[in-house]
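**Q** Contents of target-v7.txt (compact mmCIF, C-alpha atoms) are given next:
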# COMPACT_ATOMS: atom_id res chain seq x y z
CA MET A 31 1.89 -5.70 18.10
CA ALA A 32 5.03 -4.06 16.76
CA VAL A 33 5.72 -2.02 13.63
CA LEU A 34 9.17 -1.90 12.07
CA VAL A 35 9.77 0.59 9.25
CA TYR A 36 12.87 0.56 7.06
CA ASN A 37 14.02 1.43 3.55
CA ARG A 38 15.01 -1.08 0.90
CA ASP A 39 16.14 0.57 -2.32
CA ASP A 40 13.33 3.00 -3.29
CA THR A 41 10.72 1.23 -1.14
CA LEU A 42 9.59 1.84 2.42
CA ILE A 43 8.94 -1.52 4.10
CA VAL A 44 6.39 -1.65 6.94
CA LYS A 45 6.63 -4.93 8.86
CA VAL A 46 3.81 -5.49 11.33
CA THR A 47 4.17 -8.25 13.92
CA GLY A 48 1.48 -9.71 16.19
CA PRO A 49 -2.31 -9.66 16.28
CA VAL A 50 -4.04 -6.34 15.60
CA ASP A 51 -7.14 -5.83 17.74
CA THR A 52 -8.93 -2.55 18.50
CA ASN A 53 -6.24 -1.21 20.86
CA GLU A 54 -3.37 -2.15 18.56
CA ALA A 55 -5.25 -0.63 15.60
CA GLU A 56 -4.85 2.81 17.20
CA LEU A 57 -1.12 2.21 17.62
CA LEU A 58 -0.97 1.07 14.00
CA ARG A 59 -2.81 4.23 12.91
CA ASN A 60 -0.24 6.39 14.69
CA GLU A 61 2.66 4.60 13.00
CA LEU A 62 1.00 4.78 9.58
CA TYR A 63 0.34 8.50 10.03
CA LYS A 64 4.08 9.05 10.58
CA ILE A 65 4.75 7.24 7.31
CA ILE A 66 2.24 9.37 5.39
CA LYS A 67 4.04 12.50 6.61
CA GLN A 68 7.25 11.19 4.96
CA LYS A 69 5.48 11.16 1.56
CA PRO A 70 7.07 7.90 0.39
CA HIS A 71 7.04 6.95 -3.28
CA LYS A 72 6.40 3.24 -2.68
CA VAL A 73 5.27 1.34 0.44
CA VAL A 74 5.19 -2.44 0.92
CA MET A 75 3.45 -3.72 4.04
CA ASP A 76 4.52 -7.13 5.33
CA LEU A 77 1.74 -8.81 7.30
CA SER A 78 3.29 -12.30 7.36
CA LEU A 79 3.55 -12.23 11.17
CA VAL A 80 0.01 -10.91 11.79
CA PRO A 81 -2.22 -13.95 12.47
CA THR A 82 -5.40 -11.96 13.15
CA MET A 83 -6.70 -8.46 12.52
CA GLY A 84 -9.99 -6.87 13.52
CA SER A 85 -12.10 -4.61 11.35
CA SER A 86 -10.59 -1.51 12.95
CA GLY A 87 -7.10 -2.60 11.85
CA ILE A 88 -8.33 -3.24 8.32
CA GLY A 89 -9.94 0.19 8.36
CA LYS A 90 -6.65 1.81 9.37
CA ILE A 91 -4.89 0.12 6.45
CA LEU A 92 -7.61 1.32 4.07
CA ILE A 93 -7.27 4.92 5.33
CA PHE A 94 -3.47 4.58 4.96
CA PHE A 95 -3.88 3.37 1.37
CA LYS A 96 -6.20 6.27 0.54
CA GLY A 97 -3.69 8.75 1.95
CA LEU A 98 -0.87 7.24 -0.10
CA ASN A 99 -3.04 7.01 -3.19
CA SER A 100 -3.97 10.71 -2.97
CA MET A 101 -0.22 11.53 -3.13
CA GLY A 102 0.35 9.22 -6.08
CA SER A 103 2.30 6.72 -3.97
CA HIS A 104 2.26 2.99 -4.70
CA PHE A 105 1.05 0.58 -1.97
CA GLU A 106 0.96 -3.18 -1.76
CA ILE A 107 0.79 -5.93 0.83
CA LYS A 108 3.24 -8.79 0.52
CA GLY A 109 3.41 -11.88 2.66
CA ILE A 110 -0.07 -11.65 4.10
CA HIS A 111 -0.88 -14.48 6.49
CA LYS A 112 -3.37 -16.93 4.97
CA ASN A 113 -5.80 -16.29 7.86
CA LEU A 114 -6.12 -12.68 6.72
CA TYR A 115 -5.98 -13.22 2.98
CA GLY A 116 -9.58 -14.45 2.77
CA VAL A 117 -10.84 -11.53 4.85
CA PHE A 118 -9.01 -8.96 2.71
CA LYS A 119 -10.40 -10.59 -0.46
CA ALA A 120 -13.93 -10.75 1.01
CA VAL A 121 -13.97 -6.98 1.50
CA LYS A 122 -12.40 -6.60 -1.97
CA LEU A 123 -9.22 -4.85 -0.87
CA ASP A 124 -7.40 -6.89 -3.51
CA LYS A 125 -9.25 -4.75 -6.10
CA LEU A 126 -7.61 -1.59 -4.66
CA PHE A 127 -4.01 -2.77 -4.24
CA SER A 128 -1.87 -5.84 -4.74
CA ILE A 129 -2.02 -8.49 -1.99
CA SER A 130 0.13 -11.60 -2.03
CA LEU A 131 0.35 -14.56 0.32
CA ARG A 132 3.48 -15.31 2.28
So that I can check it, write out the structure of this file as structure tokens.
**A**
Amino acid sequence: MAVLVYNRDDTLIVKVTGPVDTNEAELLRNELYKIIKQKPHKVVMDLSLVPTMGSSGIGKILIFFKGLNSMGSHFEIKGIHKNLYGVFKAVKLDKLFSISLR
């Protein structure tokens, strides 16, 4: 798994690549924590190259969202892989933030 973070206009883009299992979820958490410390106004996470993600990875994204939300920051997921889309909808994450297929 790899995480690439870059700015595009007023948005911080977080592009995650590769499967996210339990070990990678901890690496993801560390990267997301660094982003929270930057206090971004808007974050878009690109999961188009993440074919699978375990519950610990989903949990890290939820904690990340809550941290952003508490600061008034906007968060959305764009380009989610279709394998993950159903899982994210099943746990109703689409009710908390915008999720769109790739």
**Q** Which neighbours of stretch 102-113 of chain A fall inside 8 Å, counting all atoms listed in the file, when residues of the same chain fewer than 2 positions from it are skipped, and could you give them as a PyMOL selection string?
**A** chain A and resi 69-82+95+98-100+115-117+127-132
**Q** Mind pulling up the distance from atom CA of A:Glu54 to atom CA of A:Asp39?
**A**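 It comes out at 28.7 Å.
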**Q** Step by step, gather every atom of stretch 94-111 of chain A that the file lists, find the box along x, y and z that holds them, add 3 Å on each side, and finally give centre and edge lengths in Å to one decimal, as AutoDock Vina command-line options.
**A**
--center_x -1.4 --center_y -1.5 --center_z 0.2 --size_x 15.6 --size_y 32.0 --size_z 18.6
**Q** Do you have the atom CA of A:Asp40-atom CA of A:Leu114 distance handy?
**A**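 Interatomic distance, atom CA of A:Asp40 to atom CA of A:Leu114: 26.9 Å.
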**Q** Of the candidates A:Met31, A:Ile88, A:Val121, A:Met101, which shows the shortest atom-to-atom distance to A:Gly48, using only C-alpha atoms?
**A**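 When distances to A:Gly48 are compared using only C-alpha atoms, the smallest one comes from A:Met31.
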**Q** For atom CA of A:Gly97 and atom CA of A:Ser85, determine how far apart the two atoms are, in Å to one decimal place.
**A**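 Value for the atom CA of A:Gly97-atom CA of A:Ser85 distance: 18.4 Å.
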**Q** Pick out the closest residue to A:Glu56 from this set: A:Ala120, A:Leu126, A:Ile91, A:Val44. Count only C-alpha atoms.
**A**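 Closest to A:Glu56, using only C-alpha atoms: A:Ile91.
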**Q** Between A:Leu92, A:Leu58, A:Val50, A:Ile65, which one has atoms that come closest to A:Val33, using only C-alpha atoms?
**A**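 So, comparing all the options, the nearest one is A:Leu58.
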